[in-house]
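Text of the file coords18.cif, holding mmCIF, C-alpha atoms:
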```
data_start
loop_
_atom_site.label_atom_id
_atom_site.label_comp_id
_atom_site.auth_asym_id
_atom_site.auth_seq_id
_atom_site.Cartn_x
_atom_site.Cartn_y
_atom_site.Cartn_z
CA MET J 1 6.92 30.07 5.29
CA GLY J 2 6.07 27.71 2.52
CA GLU J 3 3.16 25.72 1.30
CA GLN J 4 0.26 24.71 3.52
CA LEU J 5 -0.23 20.96 3.54
CA SER J 6 -2.76 18.62 5.15
CA VAL J 7 -2.29 15.31 6.96
CA GLN J 8 -4.13 12.70 4.85
CA VAL J 9 -3.71 9.71 7.18
CA ARG J 10 -5.43 9.02 10.49
CA ASP J 11 -2.36 9.69 12.69
CA CYS J 12 1.25 10.41 11.91
CA GLN J 13 4.41 11.18 13.85
CA ILE J 14 6.61 14.22 13.47
CA ARG J 15 10.28 13.45 14.13
CA THR J 16 13.55 15.14 15.02
CA LYS J 17 15.26 14.09 11.79
CA PRO J 18 14.20 12.97 8.28
CA SER J 19 14.08 9.26 9.15
CA PHE J 20 11.81 6.78 10.91
CA LEU J 21 14.76 6.33 13.26
CA GLY J 22 14.33 9.94 14.40
CA ALA J 23 12.75 10.51 17.82
CA VAL J 24 9.05 11.36 17.83
CA ILE J 25 8.28 14.99 18.71
CA ALA J 26 4.52 15.03 18.16
CA THR J 27 1.61 13.18 16.62
CA VAL J 28 -0.57 14.95 14.06
CA HIS J 29 -4.02 13.87 12.88
CA TYR J 30 -6.19 13.66 9.77
CA GLY J 31 -6.86 17.11 8.34
CA ASP J 32 -4.23 18.95 10.45
CA ARG J 33 -2.54 21.77 8.54
CA LEU J 34 1.25 22.01 8.45
CA SER J 35 3.55 24.51 6.81
CA SER J 36 6.53 23.27 4.79
CA VAL J 37 10.00 24.57 5.57
CA GLN J 38 12.30 22.41 3.45
CA THR J 39 12.50 18.99 1.80
CA LYS J 40 15.08 16.24 2.01
CA ASP J 41 14.49 13.19 -0.18
CA SER J 42 10.98 12.00 0.70
CA TRP J 43 10.83 13.97 3.92
CA LEU J 44 9.54 17.42 4.68
CA GLU J 45 10.51 19.68 7.50
CA VAL J 46 7.33 21.34 8.67
CA SER J 47 6.34 23.91 11.22
CA PHE J 48 3.29 23.32 13.32
CA GLY J 49 1.59 24.43 16.50
CA GLY J 50 3.16 27.90 16.43
CA SER J 51 6.92 27.66 16.80
CA LYS J 52 7.56 23.90 16.63
CA GLN J 53 9.40 22.23 13.75
CA GLY J 54 10.05 18.64 12.80
CA TRP J 55 10.17 16.11 9.95
CA ILE J 56 7.32 14.14 8.41
CA HIS J 57 7.27 11.64 5.53
CA VAL J 58 5.74 13.11 2.39
CA SER J 59 3.36 10.14 1.94
CA ALA J 60 1.36 11.36 4.96
CA LEU J 61 0.56 14.67 3.27
CA THR J 62 -1.55 16.17 0.54
CA ASP J 63 -1.50 19.68 -0.83
CA LYS J 64 -5.30 19.76 -0.68
CA GLU J 65 -7.14 21.25 2.22
CA ILE J 66 -9.06 18.47 3.96
CA THR J 67 -12.34 19.50 5.47
CA LEU J 68 -13.52 17.11 8.15
CA HIS J 69 -17.02 18.55 8.53
CA PRO J 70 -17.86 20.35 5.29
CA SER J 71 -20.60 22.89 4.91
CA ALA J 72 -23.08 22.65 2.03
CA GLN J 73 -21.15 25.43 0.29
CA GLN J 74 -17.87 23.49 0.57
CA VAL J 75 -19.56 20.37 -0.82
CA ASN J 76 -20.50 22.35 -3.93
CA GLN J 77 -17.10 23.99 -4.09
CA SER J 78 -15.22 20.68 -3.90
CA ALA J 79 -16.79 19.52 -7.17
CA SER J 80 -14.99 22.22 -9.11
CA SER J 81 -11.89 22.55 -6.99
CA ASP J 82 -8.63 20.61 -7.01
CA GLU J 83 -7.63 22.31 -3.80
CA LEU J 84 -10.28 21.00 -1.44
CA ALA J 85 -10.87 17.42 -0.29
CA LEU J 86 -13.75 16.41 1.90
CA ALA J 87 -13.02 13.86 4.57
CA GLY J 88 -15.42 10.97 4.37
CA LYS J 89 -16.50 11.67 0.80
CA GLY J 90 -17.22 8.79 -1.52
CA PHE J 91 -16.25 5.35 -0.25
CA ASN J 92 -16.75 5.86 3.46
CA LYS J 93 -18.10 4.27 6.61
CA GLN J 94 -21.68 4.73 5.44
CA VAL J 95 -20.92 2.92 2.17
CA GLU J 96 -19.20 0.11 4.09
CA GLU J 97 -22.26 -0.25 6.33
CA GLN J 98 -24.56 -0.45 3.32
CA PHE J 99 -22.25 -3.02 1.69
CA ARG J 100 -22.32 -5.07 4.91
CA ARG J 101 -26.11 -5.01 5.04
CA GLN J 102 -26.19 -6.35 1.48
CA ASN J 103 -23.42 -8.92 2.04
CA SER J 104 -24.04 -10.27 5.52
CA GLN J 105 -22.01 -13.42 4.80
CA ILE J 106 -18.84 -11.30 4.73
CA ASN J 107 -17.56 -10.89 8.25
CA PHE J 108 -15.46 -7.89 9.30
CA THR J 109 -14.66 -9.09 12.85
CA TRP J 110 -11.18 -10.33 11.97
CA VAL J 111 -10.35 -7.24 9.92
CA ASP J 112 -11.14 -5.14 12.99
CA LYS J 113 -8.86 -7.38 15.04
CA ILE J 114 -5.99 -7.29 12.52
CA GLU J 115 -6.15 -3.50 12.47
CA THR J 116 -5.24 -3.49 16.17
CA TYR J 117 -1.78 -5.01 15.43
CA ARG J 118 0.56 -2.07 15.88
CA ASP J 119 4.22 -2.03 16.78
CA SER J 120 5.69 0.91 18.64
CA GLN J 121 8.83 2.81 17.69
CA GLU J 122 10.55 1.15 20.65
CA GLU J 123 9.58 -2.39 19.54
CA ILE J 124 10.77 -1.74 16.00
CA GLU J 125 14.09 -0.31 17.17
CA LYS J 126 14.54 -3.35 19.40
CA PHE J 127 13.72 -5.68 16.48
CA LEU J 128 16.26 -3.95 14.21
CA LYS J 129 18.94 -4.03 16.89
CA ALA J 130 18.39 -7.68 17.85
CA GLY J 131 18.54 -8.64 14.16
CA GLU J 132 21.68 -6.53 13.69
CA LEU J 133 19.90 -4.62 10.94
CA LYS J 134 21.09 -1.14 10.12
CA PRO J 135 18.74 0.53 7.67
CA ALA J 136 20.35 3.11 5.43
CA GLY J 137 19.28 6.38 7.03
CA GLY J 138 15.56 5.72 7.07
CA ALA J 139 13.12 5.91 4.22
CA ALA J 140 14.69 7.30 1.06
CA MET P 1 19.71 22.53 3.09
CA LYS P 2 18.30 25.47 1.28
CA GLU P 3 14.86 26.58 2.29
CA GLN P 4 12.48 25.63 -0.42
CA ARG P 5 8.91 26.39 -1.21
CA LEU P 6 7.10 23.25 -2.16
CA SER P 7 4.91 24.04 -5.09
CA ARG P 8 1.98 21.80 -6.03
CA ARG P 9 3.93 20.59 -9.05
CA ASN P 10 7.03 19.80 -6.98
CA PHE P 11 4.90 18.06 -4.44
CA LEU P 12 3.22 15.85 -7.00
CA ALA P 13 6.52 15.21 -8.76
CA THR P 14 7.99 14.15 -5.43
CA GLY P 15 5.11 11.76 -4.97
CA ALA P 16 5.62 10.32 -8.43
CA ARG P 17 9.35 9.95 -7.86
CA ILE P 18 8.75 8.19 -4.57
CA GLY P 19 6.46 5.73 -6.26
CA MET P 20 9.13 4.95 -8.82
CA THR P 21 12.20 4.53 -6.63
CA GLY P 22 14.03 1.38 -7.50
CA LEU P 23 12.38 1.09 -10.88
CA SER P 24 13.55 2.23 -14.23
CA LEU P 25 10.03 2.79 -15.51
CA SER P 26 8.59 6.24 -15.88
CA ALA P 27 5.29 7.03 -14.22
CA SER P 28 3.52 7.08 -17.56
CA SER P 29 4.85 3.76 -18.77
CA LEU P 30 3.86 2.18 -15.47
CA LEU P 31 0.30 3.37 -15.69
CA LEU P 32 0.08 2.61 -19.38
CA GLN P 33 1.04 -0.97 -18.64
CA GLY P 34 -1.76 -1.19 -16.13
CA PHE P 35 -4.36 -0.16 -18.62
CA ASP P 36 -4.66 -1.48 -22.10
CA PHE P 37 -4.34 1.35 -24.53
CA SER P 38 -3.85 -0.93 -27.53
CA ASP P 39 -7.32 0.01 -28.73
CA LEU P 40 -6.06 3.52 -29.35
CA GLY P 41 -4.86 2.28 -32.70
CA SER P 42 -1.78 0.67 -34.06
CA THR P 43 -0.54 2.74 -36.94
CA LEU P 44 2.63 4.73 -36.94
CA GLN P 45 1.01 7.24 -39.29
CA GLN P 46 -1.26 8.27 -36.48
CA ALA P 47 1.53 8.42 -33.97
CA THR P 48 0.99 12.02 -33.00
CA LYS P 49 -2.71 11.62 -32.60
CA ILE P 50 -2.22 8.46 -30.58
CA ALA P 51 0.37 10.06 -28.36
CA ASP P 52 -2.00 12.93 -27.72
CA SER P 53 -4.94 10.78 -26.80
CA ALA P 54 -2.76 8.41 -24.76
CA THR P 55 -1.58 11.43 -22.81
CA LYS P 56 -5.16 12.50 -22.26
CA SER P 57 -6.20 9.03 -21.13
CA PHE P 58 -3.14 8.78 -18.94
CA ASN P 59 -3.96 12.09 -17.33
CA ALA P 60 -7.53 10.99 -16.72
CA VAL P 61 -6.44 7.73 -15.12
CA SER P 62 -3.68 9.34 -13.13
CA LYS P 63 -6.07 12.01 -11.93
CA ALA P 64 -8.66 9.35 -11.07
CA LEU P 65 -6.18 7.33 -8.99
CA GLU P 66 -5.08 10.50 -7.30
CA ASP P 67 -8.71 11.17 -6.41
CA ILE P 68 -8.91 7.93 -4.46
CA THR P 69 -7.77 9.29 -1.13
CA PRO P 70 -5.98 7.16 1.50
CA GLU P 71 -9.23 7.23 3.48
CA GLN P 72 -11.11 5.69 0.55
CA GLU P 73 -8.30 3.18 -0.02
CA TYR P 74 -8.80 2.24 3.62
CA TYR P 75 -12.48 1.40 3.15
CA ILE P 76 -11.77 -0.46 -0.11
CA GLY P 77 -8.99 -2.41 1.63
CA ARG P 78 -11.03 -3.31 4.72
CA THR P 79 -13.69 -4.89 2.54
CA ILE P 80 -11.16 -6.80 0.45
CA GLY P 81 -9.58 -8.00 3.70
CA ALA P 82 -12.97 -9.24 4.88
CA ILE P 83 -13.47 -11.07 1.57
CA VAL P 84 -10.03 -12.72 1.84
CA LEU P 85 -10.98 -13.80 5.38
CA SER P 86 -14.25 -15.26 4.15
CA LYS P 87 -12.25 -17.53 1.82
CA TYR P 88 -9.38 -18.31 4.19
CA LYS P 89 -9.37 -18.90 7.94
CA PRO P 90 -7.01 -16.70 9.96
CA TYR P 91 -4.26 -18.66 11.70
CA GLU P 92 -4.60 -17.76 15.35
CA GLN P 93 -1.15 -18.25 16.74
CA LYS P 94 0.06 -15.21 18.63
CA ALA P 95 3.83 -15.71 18.39
CA GLY P 96 3.78 -16.17 14.62
CA ASN P 97 1.49 -13.22 13.94
CA SER P 98 3.39 -10.91 16.31
CA TYR P 99 6.65 -11.77 14.61
CA LEU P 100 5.11 -11.31 11.16
CA ASN P 101 3.86 -7.85 12.18
CA LEU P 102 7.18 -6.77 13.67
CA LEU P 103 9.02 -7.80 10.52
CA GLY P 104 6.39 -6.38 8.17
CA GLN P 105 5.85 -3.09 9.96
CA THR P 106 9.61 -2.58 10.17
CA LEU P 107 9.96 -3.12 6.42
CA ALA P 108 6.95 -0.92 5.64
CA ARG P 109 8.45 2.04 7.51
CA PHE P 110 11.40 2.03 5.11
CA SER P 111 9.31 1.49 1.99
CA ASP P 112 8.46 4.20 -0.53
CA LEU P 113 4.94 4.37 0.90
CA PRO P 114 5.33 4.19 4.66
CA GLU P 115 2.27 6.22 5.60
CA LEU P 116 -1.14 4.75 4.86
CA PHE P 117 -4.45 5.86 6.34
CA ASP P 118 -4.35 3.18 9.03
CA GLY P 119 -0.87 1.71 8.52
CA TYR P 120 0.22 -1.80 7.53
CA HIS P 121 -1.04 -4.91 9.32
CA PHE P 122 -0.07 -8.54 8.70
CA GLN P 123 -1.92 -11.83 9.24
CA ILE P 124 -1.11 -15.52 8.70
CA LEU P 125 -3.83 -17.54 6.92
CA ASP P 126 -4.50 -21.12 7.94
CA SER P 127 -4.00 -22.74 4.56
CA THR P 128 -1.35 -24.98 3.05
CA GLU P 129 -1.97 -23.34 -0.33
CA ILE P 130 1.03 -21.18 -1.35
CA ASN P 131 -0.35 -17.65 -1.42
CA ALA P 132 -0.04 -14.06 -0.24
CA PHE P 133 -2.25 -11.01 -0.74
CA ALA P 134 -2.05 -7.30 -0.02
CA THR P 135 -5.01 -4.93 -0.01
CA PRO P 136 -4.57 -1.33 -1.25
CA SER P 137 -4.95 -0.23 2.38
CA GLY P 138 -1.97 -2.27 3.60
CA LEU P 139 -3.54 -5.45 5.02
CA VAL P 140 -1.08 -8.19 4.09
CA PHE P 141 -2.01 -11.89 4.27
CA VAL P 142 0.44 -14.78 4.04
CA THR P 143 -0.61 -18.45 4.06
CA ARG P 144 1.11 -21.14 6.12
CA GLY P 145 1.99 -22.76 2.78
CA MET P 146 3.88 -19.62 1.81
CA LEU P 147 5.68 -19.58 5.17
CA HIS P 148 6.81 -23.14 4.43
CA CYS P 149 8.65 -21.76 1.38
CA CYS P 150 10.72 -19.50 3.64
CA ALA P 151 13.83 -21.04 5.21
CA HIS P 152 15.03 -17.88 6.95
CA GLU P 153 14.14 -14.30 7.87
CA ASP P 154 15.65 -12.89 4.65
CA ALA P 155 13.20 -15.04 2.65
CA LEU P 156 10.15 -14.07 4.69
CA ALA P 157 11.22 -10.42 4.56
CA ALA P 158 11.32 -10.81 0.76
CA VAL P 159 7.74 -12.16 0.64
CA LEU P 160 6.46 -9.24 2.73
CA ALA P 161 8.54 -6.71 0.78
CA HIS P 162 7.01 -8.02 -2.47
CA GLU P 163 3.49 -7.50 -1.05
CA ILE P 164 4.43 -4.02 0.23
CA GLY P 165 5.64 -3.40 -3.34
CA HIS P 166 2.15 -4.12 -4.70
CA VAL P 167 0.71 -1.64 -2.18
CA GLN P 168 3.16 1.17 -2.90
CA LEU P 169 2.80 0.73 -6.67
CA LYS P 170 -1.00 0.80 -6.32
CA HIS P 171 -1.41 -2.40 -8.32
CA GLY P 172 -4.68 -3.26 -6.59
CA LEU P 173 -6.30 0.07 -7.41
CA GLN P 174 -5.11 -0.21 -10.99
CA SER P 175 -7.17 -3.39 -11.33
CA ILE P 176 -10.31 -1.31 -11.06
CA GLU P 177 -11.77 -0.88 -14.51
CA LYS P 178 -10.72 2.40 -16.03
CA ASP P 179 -14.27 3.50 -16.78
CA ARG P 180 -15.35 2.62 -13.28
CA ILE P 181 -12.70 4.82 -11.69
CA THR P 182 -13.74 7.70 -13.90
CA LYS P 183 -17.39 7.08 -13.12
CA ALA P 184 -16.74 6.59 -9.42
CA THR P 185 -14.67 9.70 -9.06
CA SER P 186 -17.17 11.78 -10.97
CA ILE P 187 -19.87 10.60 -8.55
CA LEU P 188 -17.50 11.04 -5.65
CA ALA P 189 -16.57 14.54 -6.69
CA ILE P 190 -20.10 15.82 -6.33
CA GLU P 191 -20.96 14.02 -3.12
CA GLY P 192 -20.19 15.46 0.27
CA THR P 193 -20.27 13.70 3.56
CA LYS P 194 -23.53 14.99 4.87
CA ASN P 195 -27.13 14.25 4.07
CA PHE P 196 -26.51 11.46 1.63
CA ALA P 197 -29.79 10.53 0.09
CA GLN P 198 -30.52 6.80 0.15
CA SER P 199 -30.21 6.73 -3.65
CA ASP P 200 -26.73 8.30 -3.46
CA ILE P 201 -25.64 5.66 -0.98
CA ALA P 202 -27.10 2.93 -3.19
CA ASN P 203 -25.21 4.30 -6.22
CA LEU P 204 -21.96 4.64 -4.34
CA THR P 205 -22.31 1.20 -2.79
CA SER P 206 -22.92 -0.34 -6.19
CA THR P 207 -19.79 1.34 -7.62
CA PHE P 208 -17.91 0.33 -4.47
CA GLU P 209 -18.98 -3.28 -4.88
CA ASP P 210 -17.98 -3.32 -8.56
CA SER P 211 -14.58 -1.83 -7.73
CA ILE P 212 -14.05 -4.44 -5.00
CA ASN P 213 -14.96 -7.19 -7.46
CA ASP P 214 -12.45 -5.85 -10.00
CA ILE P 215 -9.69 -5.96 -7.40
CA THR P 216 -10.52 -9.33 -5.83
CA SER P 217 -10.96 -11.06 -9.17
CA THR P 218 -7.50 -9.86 -10.21
CA MET P 219 -5.80 -10.29 -6.85
CA ILE P 220 -7.31 -13.61 -5.77
CA ASN P 221 -8.50 -15.35 -8.92
CA ASN P 222 -6.50 -14.23 -11.95
CA GLY P 223 -3.33 -12.61 -10.66
CA TYR P 224 -1.61 -9.40 -11.68
CA SER P 225 0.19 -9.00 -14.98
CA ARG P 226 3.68 -10.36 -15.32
CA SER P 227 5.02 -6.81 -15.46
CA PHE P 228 3.33 -5.91 -12.16
CA GLU P 229 4.87 -8.99 -10.54
CA ASN P 230 8.31 -8.05 -11.86
CA GLU P 231 7.83 -4.51 -10.58
CA ALA P 232 6.86 -5.79 -7.13
CA ASP P 233 9.96 -8.03 -7.13
CA ALA P 234 12.15 -5.06 -8.10
CA ALA P 235 10.56 -2.93 -5.35
CA ALA P 236 11.18 -5.79 -2.89
CA VAL P 237 14.87 -6.01 -3.81
CA SER P 238 15.27 -2.27 -3.32
CA LEU P 239 13.48 -2.32 0.07
CA LEU P 240 15.40 -5.38 1.33
CA LYS P 241 18.72 -3.73 0.52
CA ARG P 242 17.63 -0.53 2.22
CA VAL P 243 16.73 -2.29 5.48
CA GLY P 244 19.78 -4.55 5.45
CA TYR P 245 18.30 -7.89 4.36
CA ASP P 246 19.91 -10.00 1.68
CA PRO P 247 17.72 -9.68 -1.43
CA ALA P 248 18.88 -13.14 -2.50
CA GLY P 249 16.37 -14.30 0.14
CA LEU P 250 13.72 -13.79 -2.52
CA ILE P 251 15.50 -16.18 -4.86
CA ASP P 252 15.93 -18.75 -2.07
CA MET P 253 12.20 -18.58 -1.39
CA LEU P 254 11.32 -18.95 -5.09
CA GLN P 255 13.58 -22.00 -5.39
CA ILE P 256 11.72 -23.76 -2.57
CA MET P 257 8.38 -22.60 -3.98
CA ASN P 258 9.34 -24.03 -7.34
CA LYS P 259 9.72 -27.48 -5.76
CA GLN P 260 6.49 -27.22 -3.76
CA LEU P 261 4.07 -25.71 -6.27
CA LYS P 262 1.69 -28.24 -7.72
CA PRO P 263 1.13 -27.78 -11.47
CA GLY P 264 -2.43 -26.69 -12.12
CA GLY P 265 -2.90 -25.52 -8.50
CA LEU P 266 -5.19 -22.61 -7.72
CA ASP P 267 -2.55 -20.70 -5.76
CA PHE P 268 0.66 -19.04 -6.92
CA ALA P 269 0.84 -21.61 -9.71
CA LYS P 270 -2.21 -19.94 -11.23
CA THR P 271 -1.79 -16.30 -10.29
CA HIS P 272 1.95 -15.67 -10.67
CA PRO P 273 4.63 -16.04 -13.32
CA SER P 274 6.61 -19.24 -12.76
CA PRO P 275 9.27 -19.08 -10.02
CA GLU P 276 11.92 -19.87 -12.65
CA SER P 277 11.02 -16.85 -14.76
CA ARG P 278 10.93 -14.60 -11.67
CA ILE P 279 14.37 -15.91 -10.63
CA GLU P 280 15.66 -15.20 -14.12
CA SER P 281 14.48 -11.57 -13.93
CA LEU P 282 15.77 -11.21 -10.37
CA GLU P 283 19.25 -12.46 -11.12
CA LYS P 284 19.88 -9.22 -12.97
CA LEU P 285 19.08 -7.31 -9.79
CA VAL P 286 20.65 -9.59 -7.20
CA SER P 287 24.18 -10.87 -7.27
CA GLY P 288 25.57 -13.80 -5.28
CA ALA P 289 22.23 -15.57 -4.93
CA GLY P 290 22.13 -18.18 -2.22
CA ALA P 291 25.61 -17.36 -0.98
CA GLN P 292 24.52 -15.30 1.99
CA VAL P 293 25.24 -16.11 5.61
CA HIS P 294 22.13 -15.80 7.74
CA GLN P 295 22.48 -13.78 10.86
CA VAL P 296 22.27 -16.10 13.91
CA ALA P 297 19.91 -13.98 16.05
CA GLN P 298 17.57 -13.53 13.07
CA GLN P 299 17.50 -17.25 12.43
CA ARG P 300 16.78 -18.01 16.09
CA ARG P 301 13.80 -15.63 16.31
CA PHE P 302 12.49 -16.78 12.92
CA GLN P 303 12.49 -20.43 14.03
CA THR P 304 11.08 -19.71 17.50
CA ALA P 305 8.20 -17.59 16.22
CA LEU P 306 7.18 -19.90 13.40
CA GLN P 307 7.68 -23.19 15.23
CA GLY P 308 4.83 -25.53 14.43
CA VAL P 309 3.28 -23.20 11.83
#
```
When written as structure tokens, how does the structure in this file appear?
Amino acid sequence: MGEQLSVQVRDCQIRTKPSFLGAVIATVHYGDRLSSVQTKDSWLEVSFGGSKQGWIHVSALTDKEITLHPSAQQVNQSASSDELALAGKGFNKQVEEQFRRQNSQINFTWVDKIETYRDSQEEIEKFLKAGELKPAGGAA
Amino acid sequence: MKEQRLSRRNFLATGARIGMTGLSLSASSLLLQGFDFSDLGSTLQQATKIADSATKSFNAVSKALEDITPEQEYYIGRTIGAIVLSKYKPYEQKAGNSYLNLLGQTLARFSDLPELFDGYHFQILDSTEINAFATPSGLVFVTRGMLHCCAHEDALAAVLAHEIGHVQLKHGLQSIEKDRITKATSILAIEGTKNFAQSDIANLTSTFEDSINDITSTMINNGYSRSFENEADAAAVSLLKRVGYDPAGLIDMLQIMNKQLKPGGLDFAKTHPSPESRIESLEKLVSGAGAQVHQVAQQRRFQTALQGV
């Protein structure tokens, strides 16, 4: 098998074909490791969870290993390594909280609400169909 | 398809290629436009030296942007979103916002950067000013005034595709001062997640705040460079074609905007190249402007959702 890659977004779907129109096989999460099988345009076929295979868009992946809960040793190692990324390093929730304490006039309530707007695969397919839109094979 | 091992280099090259789809610019020229390297010197005699140091600077910047992970983009973007919403009231009409999200999230899935840490989200702002913003994390804001420049779904799709273009081309992040990115990432590189000392948090928060200020002052107050706007328009045209919208919708929108913009206004009049000059650049990319027939079902849902907005 090929290169080991990590999921660098919170959640992402693995699909039956290299397109967002492909059916969803599984959802993978931040830091999950996947093994590449082949590429097609901006899509990668990956194997995961033992014998399963499916397609994922390359923008969801990094070639770094993402450590969700790093040890002290890994923290030191990450400074000199291009191969290791620490989840939550740098600009993170703690930094946001500190920023909010210092800037109490800036309100995050609506941002939290806007982040809940999510459309399902089914709703998007319905929207495309009703608008008679036929995207060219999914993301290039 | 032949089985292929994805080397680090291939992987990064793929990423770079994705970022550039639809544009004729190379990755280096794009980044060089974002940062002013004119101070490197101006003489042809020193061409080799200049090329060498430009390459070094480019590598440093490119590396620095690469070091800003989607998770960090997410926290940067949330804060910028909160700042936008402290200047503008959200427009709380469910039908309009639901429609905007369906259209925007559909477009985003077919963009060159479909996967963000928390995905794309869209919100109407309750202002008659003509404006639209996108945070690096994919929060996209469109004012009611901007919606009034859109006569049909193709035009609104074009506005959202332009904003998605800014996100995928990382224009917001490139507004962060070069030295700050380098400084930030060198701090970031040595900091782990655990046991942050209060002084570390204070340092990071101060760099965070400065980076946010760089982005908001460009995005909200001064506007991106003309070349970034042209690049976002080009990315929009490519995305619209891919999904099946008529890219001439962008020209239609700009023609209405041109009539409605007030000279000297603090909105698009201040932060964007003039609609005429954008139309001029777009005409090379779009043929048959204004001649399109708008799909009936699209027009019906567009009018229903945005009624009264």
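By only C-alpha atoms, and with residues fewer than 3 positions from Tyr245 in chain P along its chain excluded, the set lying at most 8 Å from it is Leu133 of chain J; Asp154, Ala157, Leu240, Lys241, Arg242 and Gly249 of chain P.
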**OP:** Take the PyMOL selection byres ((chain P and resi 90) around 8), apply it to the structure above, and return the hits as a PyMOL selection string.
**Re:** (chain J and resi 110) or (chain P and resi 85+88-89+91-92+123-126)
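If you look at CA of Phe108 in chain J and CA of Lys94 in chain P, they are 19.5 Å away from each other.
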Return as JSON the box centre and box size in Å, one decimal, for an axis-aligned box around all listed atoms of range 43-57 of chain J padded by 6 Å per side.
```
{"center_x": 6.2, "center_y": 19.8, "center_z": 10.4, "size_x": 21.2, "size_y": 28.3, "size_z": 24.9}
```
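Coordinates place CA of His162 in chain P at a distance of 27.3 Å from CA of Arg15 in chain J.
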**OP:** Report as a ChimeraX atom specification the residues that result from applying the PyMOL selection byres ((chain P and resi 166) around 9) to the structure here.
**Re:** /P:134-136,161-165,167-172,228-229,231-232,235
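Distance-wise, CA of Ser111 in chain P and CA of Leu5 in chain J end up 21.7 Å apart.
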**OP:** Could you tell me which residues the PyMOL selection byres ((chain J and resi 53) around 10) grabs in this file, written as a PyMOL selection string?
**Re:** chain J and resi 14-16+25-26+34-37+45-52+54-56
Subject >> Among listed residues J:Val24, J:Leu61, J:Val9, J:Leu128, nearest chain P (using all atoms listed in the file) >> reply: J:Val9
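Nearest to Lys270 in chain P of all the residues P:Ser199, P:Cys149, P:Gly223, P:Asn101 is P:Gly223, counting all atoms listed in the file.
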Original post:
Which of these, P:Ile130, P:Val237, P:Ala297, P:Ala108, has the shortest distance to chain J once you count all atoms listed in the file?
Top reply: P:Ala297
Original post:
Nearest to Ile80 in chain P among J:Tyr30, J:Phe99, J:Phe20, J:Phe127, with distances taken over only C-alpha atoms: which residue is it?
Top reply: J:Phe99
Original post:
Hey, which of P:Pro263, P:Pro247, P:Gly96, P:Pro114 ends up closest to Val58 in chain J? Count all atoms listed in the file.
Top reply: P:Pro114
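Closest approach to Lys89 in chain J among P:Val142, P:Ile68, P:Ile256, P:Ile215 is made by P:Ile68 (distances from only C-alpha atoms).
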